[in-house]
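Data block for target21.txt (compact mmCIF, N, CA and C atoms):
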# COMPACT_ATOMS: atom_id res chain seq x y z
N MET A 242 98.04 92.18 104.25
CA MET A 242 97.84 91.19 103.20
C MET A 242 96.79 90.15 103.60
N HIS A 243 96.49 90.01 104.88
CA HIS A 243 95.50 89.02 105.30
C HIS A 243 94.10 89.35 104.78
N GLU A 244 93.90 90.59 104.31
CA GLU A 244 92.60 90.96 103.77
C GLU A 244 92.25 90.16 102.52
N LEU A 245 93.26 89.70 101.77
CA LEU A 245 92.98 88.89 100.58
C LEU A 245 92.27 87.59 100.98
N ALA A 246 92.83 86.87 101.94
CA ALA A 246 92.21 85.61 102.38
C ALA A 246 90.84 85.85 103.01
N ILE A 247 90.73 86.90 103.77
CA ILE A 247 89.45 87.25 104.40
C ILE A 247 88.40 87.54 103.33
N THR A 248 88.78 88.30 102.34
CA THR A 248 87.85 88.68 101.27
C THR A 248 87.45 87.47 100.43
N GLU A 249 88.38 86.58 100.19
CA GLU A 249 88.04 85.34 99.46
C GLU A 249 86.96 84.57 100.22
N GLU A 250 87.09 84.50 101.53
CA GLU A 250 86.11 83.76 102.33
C GLU A 250 84.77 84.48 102.36
N ILE A 251 84.78 85.80 102.47
CA ILE A 251 83.53 86.58 102.43
C ILE A 251 82.80 86.30 101.12
N LEU A 252 83.52 86.36 100.03
CA LEU A 252 82.92 86.13 98.71
C LEU A 252 82.38 84.70 98.60
N ARG A 253 83.14 83.72 99.08
CA ARG A 253 82.70 82.33 99.03
C ARG A 253 81.39 82.15 99.81
N ILE A 254 81.34 82.68 101.01
CA ILE A 254 80.15 82.55 101.85
C ILE A 254 78.96 83.25 101.20
N ALA A 255 79.18 84.47 100.70
CA ALA A 255 78.10 85.23 100.08
C ALA A 255 77.52 84.50 98.88
N ILE A 256 78.39 84.00 98.02
CA ILE A 256 77.92 83.30 96.82
C ILE A 256 77.19 82.02 97.20
N GLU A 257 77.74 81.29 98.15
CA GLU A 257 77.10 80.04 98.59
C GLU A 257 75.67 80.29 99.08
N HIS A 258 75.49 81.30 99.91
CA HIS A 258 74.16 81.59 100.44
C HIS A 258 73.21 82.15 99.37
N ALA A 259 73.74 82.96 98.50
CA ALA A 259 72.92 83.51 97.42
C ALA A 259 72.45 82.41 96.47
N GLU A 260 73.34 81.49 96.16
CA GLU A 260 72.96 80.39 95.27
C GLU A 260 71.92 79.48 95.92
N ARG A 261 72.05 79.26 97.23
CA ARG A 261 71.04 78.46 97.94
C ARG A 261 69.67 79.11 97.88
N ALA A 262 69.67 80.44 97.86
CA ALA A 262 68.41 81.19 97.79
C ALA A 262 67.96 81.37 96.34
N GLU A 263 68.70 80.79 95.40
CA GLU A 263 68.42 80.89 93.97
C GLU A 263 68.40 82.34 93.48
N ALA A 264 69.29 83.14 94.06
CA ALA A 264 69.42 84.55 93.65
C ALA A 264 70.20 84.65 92.34
N ARG A 265 69.85 85.66 91.59
CA ARG A 265 70.58 85.91 90.33
C ARG A 265 71.77 86.81 90.56
N ARG A 266 71.67 87.65 91.61
CA ARG A 266 72.70 88.66 91.82
C ARG A 266 72.72 89.08 93.29
N ILE A 267 73.93 89.36 93.79
CA ILE A 267 74.10 89.92 95.13
C ILE A 267 74.27 91.43 94.97
N THR A 268 73.46 92.20 95.68
CA THR A 268 73.54 93.66 95.54
C THR A 268 74.24 94.33 96.72
N ASP A 269 74.09 93.79 97.92
CA ASP A 269 74.70 94.39 99.12
C ASP A 269 75.22 93.28 100.04
N ILE A 270 76.37 93.56 100.64
CA ILE A 270 76.93 92.67 101.66
C ILE A 270 77.27 93.54 102.86
N ARG A 271 76.69 93.19 104.00
CA ARG A 271 76.94 93.95 105.23
C ARG A 271 77.92 93.19 106.10
N LEU A 272 79.02 93.88 106.44
CA LEU A 272 80.07 93.29 107.26
C LEU A 272 80.17 94.03 108.59
N VAL A 273 80.38 93.31 109.66
CA VAL A 273 80.60 93.89 110.98
C VAL A 273 82.08 93.71 111.28
N VAL A 274 82.75 94.83 111.59
CA VAL A 274 84.20 94.83 111.77
C VAL A 274 84.57 95.55 113.06
N GLY A 275 85.21 94.84 113.97
CA GLY A 275 85.68 95.45 115.20
C GLY A 275 86.94 96.26 114.97
N ASP A 276 87.08 97.35 115.70
CA ASP A 276 88.25 98.21 115.55
C ASP A 276 89.56 97.51 115.88
N LEU A 277 89.53 96.46 116.68
CA LEU A 277 90.74 95.73 117.04
C LEU A 277 91.05 94.59 116.09
N SER A 278 90.21 94.37 115.10
CA SER A 278 90.38 93.24 114.18
C SER A 278 91.51 93.45 113.18
N SER A 279 91.98 94.65 113.04
CA SER A 279 93.04 95.04 112.10
C SER A 279 92.63 94.86 110.63
N VAL A 280 91.33 94.78 110.37
CA VAL A 280 90.82 94.69 109.01
C VAL A 280 90.65 96.12 108.47
N VAL A 281 91.21 96.36 107.28
CA VAL A 281 91.16 97.68 106.65
C VAL A 281 90.07 97.66 105.58
N ASN A 282 89.05 98.50 105.77
CA ASN A 282 87.91 98.53 104.84
C ASN A 282 88.34 98.68 103.39
N ASP A 283 89.22 99.64 103.11
CA ASP A 283 89.63 99.90 101.73
C ASP A 283 90.32 98.69 101.10
N SER A 284 91.10 97.96 101.89
CA SER A 284 91.77 96.76 101.35
C SER A 284 90.76 95.68 101.01
N VAL A 285 89.80 95.47 101.90
CA VAL A 285 88.75 94.47 101.62
C VAL A 285 87.99 94.88 100.37
N GLN A 286 87.64 96.14 100.25
CA GLN A 286 86.91 96.62 99.07
C GLN A 286 87.73 96.41 97.80
N PHE A 287 89.02 96.71 97.85
CA PHE A 287 89.90 96.53 96.69
C PHE A 287 89.92 95.07 96.24
N TYR A 288 90.16 94.16 97.18
CA TYR A 288 90.20 92.74 96.84
C TYR A 288 88.84 92.24 96.39
N PHE A 289 87.78 92.71 97.03
CA PHE A 289 86.44 92.28 96.65
C PHE A 289 86.14 92.67 95.20
N ASP A 290 86.44 93.89 94.83
CA ASP A 290 86.19 94.34 93.45
C ASP A 290 86.92 93.46 92.45
N PHE A 291 88.14 93.07 92.78
CA PHE A 291 88.93 92.20 91.90
C PHE A 291 88.38 90.78 91.86
N LEU A 292 88.16 90.20 93.05
CA LEU A 292 87.75 88.79 93.14
C LEU A 292 86.32 88.53 92.66
N SER A 293 85.45 89.51 92.82
CA SER A 293 84.05 89.28 92.48
C SER A 293 83.75 89.45 90.99
N SER A 294 84.74 89.88 90.24
CA SER A 294 84.56 90.05 88.80
C SER A 294 84.07 88.74 88.17
N ASP A 295 83.05 88.83 87.33
CA ASP A 295 82.46 87.67 86.64
C ASP A 295 81.79 86.67 87.59
N THR A 296 81.30 87.16 88.74
CA THR A 296 80.52 86.32 89.65
C THR A 296 79.17 87.02 89.87
N ILE A 297 78.27 86.35 90.58
CA ILE A 297 76.97 86.99 90.87
C ILE A 297 77.12 88.11 91.90
N ALA A 298 78.31 88.26 92.45
CA ALA A 298 78.56 89.33 93.42
C ALA A 298 79.22 90.56 92.79
N GLU A 299 79.51 90.48 91.49
CA GLU A 299 80.16 91.62 90.84
C GLU A 299 79.28 92.87 90.98
N GLY A 300 79.88 93.95 91.42
CA GLY A 300 79.16 95.21 91.58
C GLY A 300 78.42 95.35 92.90
N ALA A 301 78.47 94.31 93.74
CA ALA A 301 77.79 94.39 95.04
C ALA A 301 78.44 95.47 95.90
N GLN A 302 77.62 96.13 96.68
CA GLN A 302 78.09 97.18 97.59
C GLN A 302 78.47 96.54 98.92
N LEU A 303 79.72 96.76 99.36
CA LEU A 303 80.12 96.33 100.69
C LEU A 303 79.78 97.45 101.67
N ARG A 304 79.10 97.10 102.73
CA ARG A 304 78.74 98.08 103.76
C ARG A 304 79.38 97.63 105.07
N PHE A 305 80.22 98.49 105.60
CA PHE A 305 80.98 98.17 106.80
C PHE A 305 80.36 98.83 108.03
N GLN A 306 80.11 98.04 109.04
CA GLN A 306 79.67 98.58 110.33
C GLN A 306 80.84 98.36 111.29
N ARG A 307 81.45 99.45 111.75
CA ARG A 307 82.59 99.36 112.66
C ARG A 307 82.10 99.27 114.10
N ILE A 308 82.73 98.40 114.88
CA ILE A 308 82.41 98.23 116.29
C ILE A 308 83.59 98.76 117.11
N ALA A 309 83.31 99.72 117.98
CA ALA A 309 84.36 100.30 118.83
C ALA A 309 84.86 99.27 119.83
N SER A 310 86.11 99.41 120.23
CA SER A 310 86.65 98.52 121.24
C SER A 310 86.14 98.91 122.63
N ARG A 311 85.89 97.89 123.44
CA ARG A 311 85.45 98.08 124.83
C ARG A 311 86.20 97.09 125.70
N LEU A 312 86.56 97.57 126.86
CA LEU A 312 87.28 96.74 127.83
C LEU A 312 86.50 96.67 129.13
N ARG A 313 86.74 95.60 129.88
CA ARG A 313 86.22 95.49 131.25
C ARG A 313 87.44 95.39 132.16
N CYS A 314 87.54 96.33 133.09
CA CYS A 314 88.67 96.36 134.01
C CYS A 314 88.69 95.09 134.85
N ARG A 315 89.87 94.51 134.97
CA ARG A 315 90.02 93.28 135.77
C ARG A 315 90.02 93.58 137.27
N GLN A 316 90.24 94.83 137.62
CA GLN A 316 90.28 95.21 139.03
C GLN A 316 88.91 95.59 139.58
N CYS A 317 88.20 96.47 138.83
CA CYS A 317 86.94 97.01 139.36
C CYS A 317 85.71 96.67 138.51
N ALA A 318 85.92 95.96 137.40
CA ALA A 318 84.85 95.54 136.48
C ALA A 318 84.18 96.69 135.74
N HIS A 319 84.76 97.89 135.78
CA HIS A 319 84.22 99.03 135.03
C HIS A 319 84.44 98.77 133.53
N GLU A 320 83.42 99.04 132.71
CA GLU A 320 83.53 98.90 131.26
C GLU A 320 83.83 100.26 130.65
N PHE A 321 84.78 100.28 129.71
CA PHE A 321 85.19 101.55 129.11
C PHE A 321 85.77 101.33 127.72
N GLU A 322 85.79 102.42 126.94
CA GLU A 322 86.44 102.43 125.63
C GLU A 322 87.85 102.97 125.81
N PRO A 323 88.85 102.21 125.37
CA PRO A 323 90.21 102.73 125.47
C PRO A 323 90.40 103.88 124.48
N HIS A 324 91.34 104.74 124.79
CA HIS A 324 91.66 105.87 123.90
C HIS A 324 93.05 105.64 123.32
N GLY A 325 93.07 105.26 122.04
CA GLY A 325 94.35 104.98 121.39
C GLY A 325 95.07 103.84 122.09
N THR A 326 96.29 104.11 122.55
CA THR A 326 97.07 103.09 123.25
C THR A 326 96.93 103.21 124.77
N ASP A 327 96.10 104.13 125.23
CA ASP A 327 95.86 104.29 126.67
C ASP A 327 94.75 103.35 127.11
N TRP A 328 95.14 102.22 127.66
CA TRP A 328 94.18 101.21 128.11
C TRP A 328 94.06 101.23 129.63
N LYS A 329 94.18 102.39 130.20
CA LYS A 329 94.06 102.53 131.64
C LYS A 329 92.60 102.77 132.02
N CYS A 330 92.13 102.06 133.04
CA CYS A 330 90.76 102.19 133.50
C CYS A 330 90.53 103.61 134.03
N PRO A 331 89.52 104.30 133.53
CA PRO A 331 89.25 105.66 134.02
C PRO A 331 88.70 105.67 135.45
N GLN A 332 88.24 104.53 135.93
CA GLN A 332 87.65 104.45 137.27
C GLN A 332 88.72 104.25 138.34
N CYS A 333 89.57 103.21 138.14
CA CYS A 333 90.55 102.87 139.18
C CYS A 333 92.00 103.00 138.71
N GLU A 334 92.19 103.30 137.43
CA GLU A 334 93.49 103.50 136.80
C GLU A 334 94.32 102.23 136.65
N ALA A 335 93.71 101.07 136.82
CA ALA A 335 94.42 99.81 136.55
C ALA A 335 94.69 99.72 135.05
N LEU A 336 95.79 99.12 134.69
CA LEU A 336 96.18 99.03 133.29
C LEU A 336 95.56 97.80 132.64
N GLY A 337 95.02 98.00 131.45
CA GLY A 337 94.49 96.90 130.65
C GLY A 337 93.10 96.47 131.07
N GLY A 338 92.76 95.29 130.63
CA GLY A 338 91.45 94.75 130.93
C GLY A 338 91.07 93.69 129.92
N GLU A 339 89.93 93.09 130.13
CA GLU A 339 89.41 92.07 129.24
C GLU A 339 88.70 92.74 128.07
N VAL A 340 89.05 92.35 126.85
CA VAL A 340 88.39 92.89 125.66
C VAL A 340 87.01 92.27 125.56
N ILE A 341 85.97 93.11 125.57
CA ILE A 341 84.60 92.60 125.46
C ILE A 341 83.94 93.01 124.15
N ALA A 342 84.57 93.89 123.40
CA ALA A 342 84.07 94.26 122.07
C ALA A 342 85.23 94.85 121.27
N GLY A 343 85.14 94.67 119.95
CA GLY A 343 86.15 95.25 119.07
C GLY A 343 86.93 94.24 118.26
N ARG A 344 86.76 92.96 118.54
CA ARG A 344 87.45 91.92 117.77
C ARG A 344 86.57 91.29 116.70
N GLU A 345 85.33 91.73 116.61
CA GLU A 345 84.36 91.12 115.69
C GLU A 345 84.81 91.25 114.23
N PHE A 346 84.45 90.25 113.47
CA PHE A 346 84.53 90.34 112.02
C PHE A 346 83.64 89.23 111.46
N TYR A 347 82.53 89.64 110.86
CA TYR A 347 81.64 88.65 110.28
C TYR A 347 80.74 89.28 109.21
N LEU A 348 80.25 88.40 108.33
CA LEU A 348 79.27 88.80 107.32
C LEU A 348 77.92 88.77 108.02
N ASP A 349 77.29 89.93 108.13
CA ASP A 349 76.03 90.06 108.85
C ASP A 349 74.83 89.71 107.99
N SER A 350 74.78 90.23 106.75
CA SER A 350 73.63 89.96 105.90
C SER A 350 73.95 90.25 104.44
N LEU A 351 73.07 89.73 103.59
CA LEU A 351 73.17 89.91 102.13
C LEU A 351 71.85 90.45 101.61
N GLU A 352 71.91 91.23 100.57
CA GLU A 352 70.72 91.56 99.79
C GLU A 352 70.95 91.01 98.40
N VAL A 353 69.93 90.35 97.89
CA VAL A 353 70.04 89.69 96.59
C VAL A 353 68.84 90.00 95.72
N GLU A 354 68.98 89.73 94.46
CA GLU A 354 67.87 89.84 93.50
C GLU A 354 67.57 88.46 92.96

Go ahead and render the structure in this file as structure tokens.
Amino acid sequence: MHELAITEEILRIAIEHAERAEARRITDIRLVVGDLSSVVNDSVQFYFDFLSSDTIAEGAQLRFQRIASRLRCRQCAHEFEPHGTDWKCPQCEALGGEVIAGREFYLDSLEVE
């Protein structure tokens, strides 16, 4: 359900920037989403279609760029992508690590007319 609040903010930011640029219409919105962010593309798209109705963003295409999760081992500093729930370092087999990628969520760019 948090996608509703997230989508409201995406729409607010997009419209604010488009209006500053004196755009008539927003055609594309590019979002960067980390795999660990728990943001579901289809939910964001569903809420966006509903919320953007009768705005300059109505009909805009949401484009999602997913960022894979990456960890840095706290024992040996090896960087790796975890596999599912297996967060064991493939180098030294230490469990877990510092998340260095995968939590991202931001509006990267807009295309307007």

DSSP alpha helix (DSSP H) selection over region 284-340 of chain A, as a PyMOL selection string: chain A and resi 284-292

- prompt: From the set A:Gln316, A:His243, A:Glu345, A:Asp290, which residue has the shortest atom-to-atom contact distance to Cys333 (chain A), counting all atoms listed in the file?
  reply: A:Gln316

Can you list every residue in chain A that DSSP puts in strand (DSSP E), as a tab-separated table (two decimals) with N, CA and C atoms, keeping the file's coordinate frame?
chain	number	residue	atom	x	y	z
A	267	ILE	N	73.93	89.36	93.79
A	267	ILE	CA	74.10	89.92	95.13
A	267	ILE	C	74.27	91.43	94.97
A	268	THR	N	73.46	92.20	95.68
A	268	THR	CA	73.54	93.66	95.54
A	268	THR	C	74.24	94.33	96.72
A	269	ASP	N	74.09	93.79	97.92
A	269	ASP	CA	74.70	94.39	99.12
A	269	ASP	C	75.22	93.28	100.04
A	270	ILE	N	76.37	93.56	100.64
A	270	ILE	CA	76.93	92.67	101.66
A	270	ILE	C	77.27	93.54	102.86
A	271	ARG	N	76.69	93.19	104.00
A	271	ARG	CA	76.94	93.95	105.23
A	271	ARG	C	77.92	93.19	106.10
A	272	LEU	N	79.02	93.88	106.44
A	272	LEU	CA	80.07	93.29	107.26
A	272	LEU	C	80.17	94.03	108.59
A	273	VAL	N	80.38	93.31	109.66
A	273	VAL	CA	80.60	93.89	110.98
A	273	VAL	C	82.08	93.71	111.28
A	274	VAL	N	82.75	94.83	111.59
A	274	VAL	CA	84.20	94.83	111.77
A	274	VAL	C	84.57	95.55	113.06
A	275	GLY	N	85.21	94.84	113.97
A	275	GLY	CA	85.68	95.45	115.20
A	275	GLY	C	86.94	96.26	114.97
A	302	GLN	N	77.62	96.13	96.68
A	302	GLN	CA	78.09	97.18	97.59
A	302	GLN	C	78.47	96.54	98.92
A	303	LEU	N	79.72	96.76	99.36
A	303	LEU	CA	80.12	96.33	100.69
A	303	LEU	C	79.78	97.45	101.67
A	304	ARG	N	79.10	97.10	102.73
A	304	ARG	CA	78.74	98.08	103.76
A	304	ARG	C	79.38	97.63	105.07
A	305	PHE	N	80.22	98.49	105.60
A	305	PHE	CA	80.98	98.17	106.80
A	305	PHE	C	80.36	98.83	108.03
A	306	GLN	N	80.11	98.04	109.04
A	306	GLN	CA	79.67	98.58	110.33
A	306	GLN	C	80.84	98.36	111.29
A	307	ARG	N	81.45	99.45	111.75
A	307	ARG	CA	82.59	99.36	112.66
A	307	ARG	C	82.10	99.27	114.10
A	308	ILE	N	82.73	98.40	114.88
A	308	ILE	CA	82.41	98.23	116.29
A	308	ILE	C	83.59	98.76	117.11
A	311	ARG	N	85.89	97.89	123.44
A	311	ARG	CA	85.45	98.08	124.83
A	311	ARG	C	86.20	97.09	125.70
A	312	LEU	N	86.56	97.57	126.86
A	312	LEU	CA	87.28	96.74	127.83
A	312	LEU	C	86.50	96.67	129.13
A	313	ARG	N	86.74	95.60	129.88
A	313	ARG	CA	86.22	95.49	131.25
A	313	ARG	C	87.44	95.39	132.16
A	320	GLU	N	83.42	99.04	132.71
A	320	GLU	CA	83.53	98.90	131.26
A	320	GLU	C	83.83	100.26	130.65
A	321	PHE	N	84.78	100.28	129.71
A	321	PHE	CA	85.19	101.55	129.11
A	321	PHE	C	85.77	101.33	127.72
A	339	GLU	N	89.93	93.09	130.13
A	339	GLU	CA	89.41	92.07	129.24
A	339	GLU	C	88.70	92.74	128.07
A	340	VAL	N	89.05	92.35	126.85
A	340	VAL	CA	88.39	92.89	125.66
A	340	VAL	C	87.01	92.27	125.56
A	341	ILE	N	85.97	93.11	125.57
A	341	ILE	CA	84.60	92.60	125.46
A	341	ILE	C	83.94	93.01	124.15
A	342	ALA	N	84.57	93.89	123.40
A	342	ALA	CA	84.07	94.26	122.07
A	342	ALA	C	85.23	94.85	121.27
A	346	PHE	N	84.45	90.25	113.47
A	346	PHE	CA	84.53	90.34	112.02
A	346	PHE	C	83.64	89.23	111.46
A	347	TYR	N	82.53	89.64	110.86
A	347	TYR	CA	81.64	88.65	110.28
A	347	TYR	C	80.74	89.28	109.21
A	348	LEU	N	80.25	88.40	108.33
A	348	LEU	CA	79.27	88.80	107.32
A	348	LEU	C	77.92	88.77	108.02
A	349	ASP	N	77.29	89.93	108.13
A	349	ASP	CA	76.03	90.06	108.85
A	349	ASP	C	74.83	89.71	107.99
A	350	SER	N	74.78	90.23	106.75
A	350	SER	CA	73.63	89.96	105.90
A	350	SER	C	73.95	90.25	104.44
A	351	LEU	N	73.07	89.73	103.59
A	351	LEU	CA	73.17	89.91	102.13
A	351	LEU	C	71.85	90.45	101.61
A	352	GLU	N	71.91	91.23	100.57
A	352	GLU	CA	70.72	91.56	99.79
A	352	GLU	C	70.95	91.01	98.40
A	353	VAL	N	69.93	90.35	97.89
A	353	VAL	CA	70.04	89.69	96.59
A	353	VAL	C	68.84	90.00	95.72

query: Is there a way to get, as a VMD selection string, all residues within 6.5 Å of the point (86.2, 98.3, 115.8) in file coordinates, counting all atoms listed in the file?
result: chain A and resid 274 to 278 307 to 310 343 to 344

For the selection just defined, write its residues with N, CA and C atoms to a file, as a CSV table (one decimal), in the frame of the given file.
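File out-v1.csv, as written:
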chain,number,residue,atom,x,y,z
A,274,VAL,N,82.8,94.8,111.6
A,274,VAL,CA,84.2,94.8,111.8
A,274,VAL,C,84.6,95.6,113.1
A,275,GLY,N,85.2,94.8,114.0
A,275,GLY,CA,85.7,95.4,115.2
A,275,GLY,C,86.9,96.3,115.0
A,276,ASP,N,87.1,97.4,115.7
A,276,ASP,CA,88.2,98.2,115.6
A,276,ASP,C,89.6,97.5,115.9
A,277,LEU,N,89.5,96.5,116.7
A,277,LEU,CA,90.7,95.7,117.0
A,277,LEU,C,91.0,94.6,116.1
A,278,SER,N,90.2,94.4,115.1
A,278,SER,CA,90.4,93.2,114.2
A,278,SER,C,91.5,93.4,113.2
A,307,ARG,N,81.4,99.4,111.8
A,307,ARG,CA,82.6,99.4,112.7
A,307,ARG,C,82.1,99.3,114.1
A,308,ILE,N,82.7,98.4,114.9
A,308,ILE,CA,82.4,98.2,116.3
A,308,ILE,C,83.6,98.8,117.1
A,309,ALA,N,83.3,99.7,118.0
A,309,ALA,CA,84.4,100.3,118.8
A,309,ALA,C,84.9,99.3,119.8
A,310,SER,N,86.1,99.4,120.2
A,310,SER,CA,86.6,98.5,121.2
A,310,SER,C,86.1,98.9,122.6
A,343,GLY,N,85.1,94.7,120.0
A,343,GLY,CA,86.2,95.2,119.1
A,343,GLY,C,86.9,94.2,118.3
A,344,ARG,N,86.8,93.0,118.5
A,344,ARG,CA,87.4,91.9,117.8
A,344,ARG,C,86.6,91.3,116.7

field: Who sits within 7 Å of Gly300 (chain A), all atoms listed in the file, same chain under 6 positions skipped, as a PyMOL selection string
entry: chain A and resi 267-269+290+293-294

Distance of CA of Ile256 (chain A) from CA of Val273 (chain A), expressed in Å to one decimal place: 17.9 Å

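Across A:Arg266, A:Arg271, A:Arg261, A:Arg253, the tightest approach to Arg304 (chain A) is made by A:Arg271 when counting all atoms listed in the file.
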
- prompt: Please, what distance in Å, to one decimal, runs between atom C of Leu303 (chain A) and atom N of Leu272 (chain A)?
  reply: 6.0 Å

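For the pair CA of Arg315 (chain A) and atom N of Phe346 (chain A), the interatomic distance is 23.2 Å.
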
field: Who sits within 10 Å of Glu334 (chain A), only C-alpha atoms, same chain under 6 positions skipped, as JSON, numbers by chain
entry: {"A": [314, 316, 317, 328]}

- line: For Leu292 (chain A), the closest of A:Leu252, A:Ala342, A:Val353, A:Gly337 counting only C-alpha atoms is A:Leu252
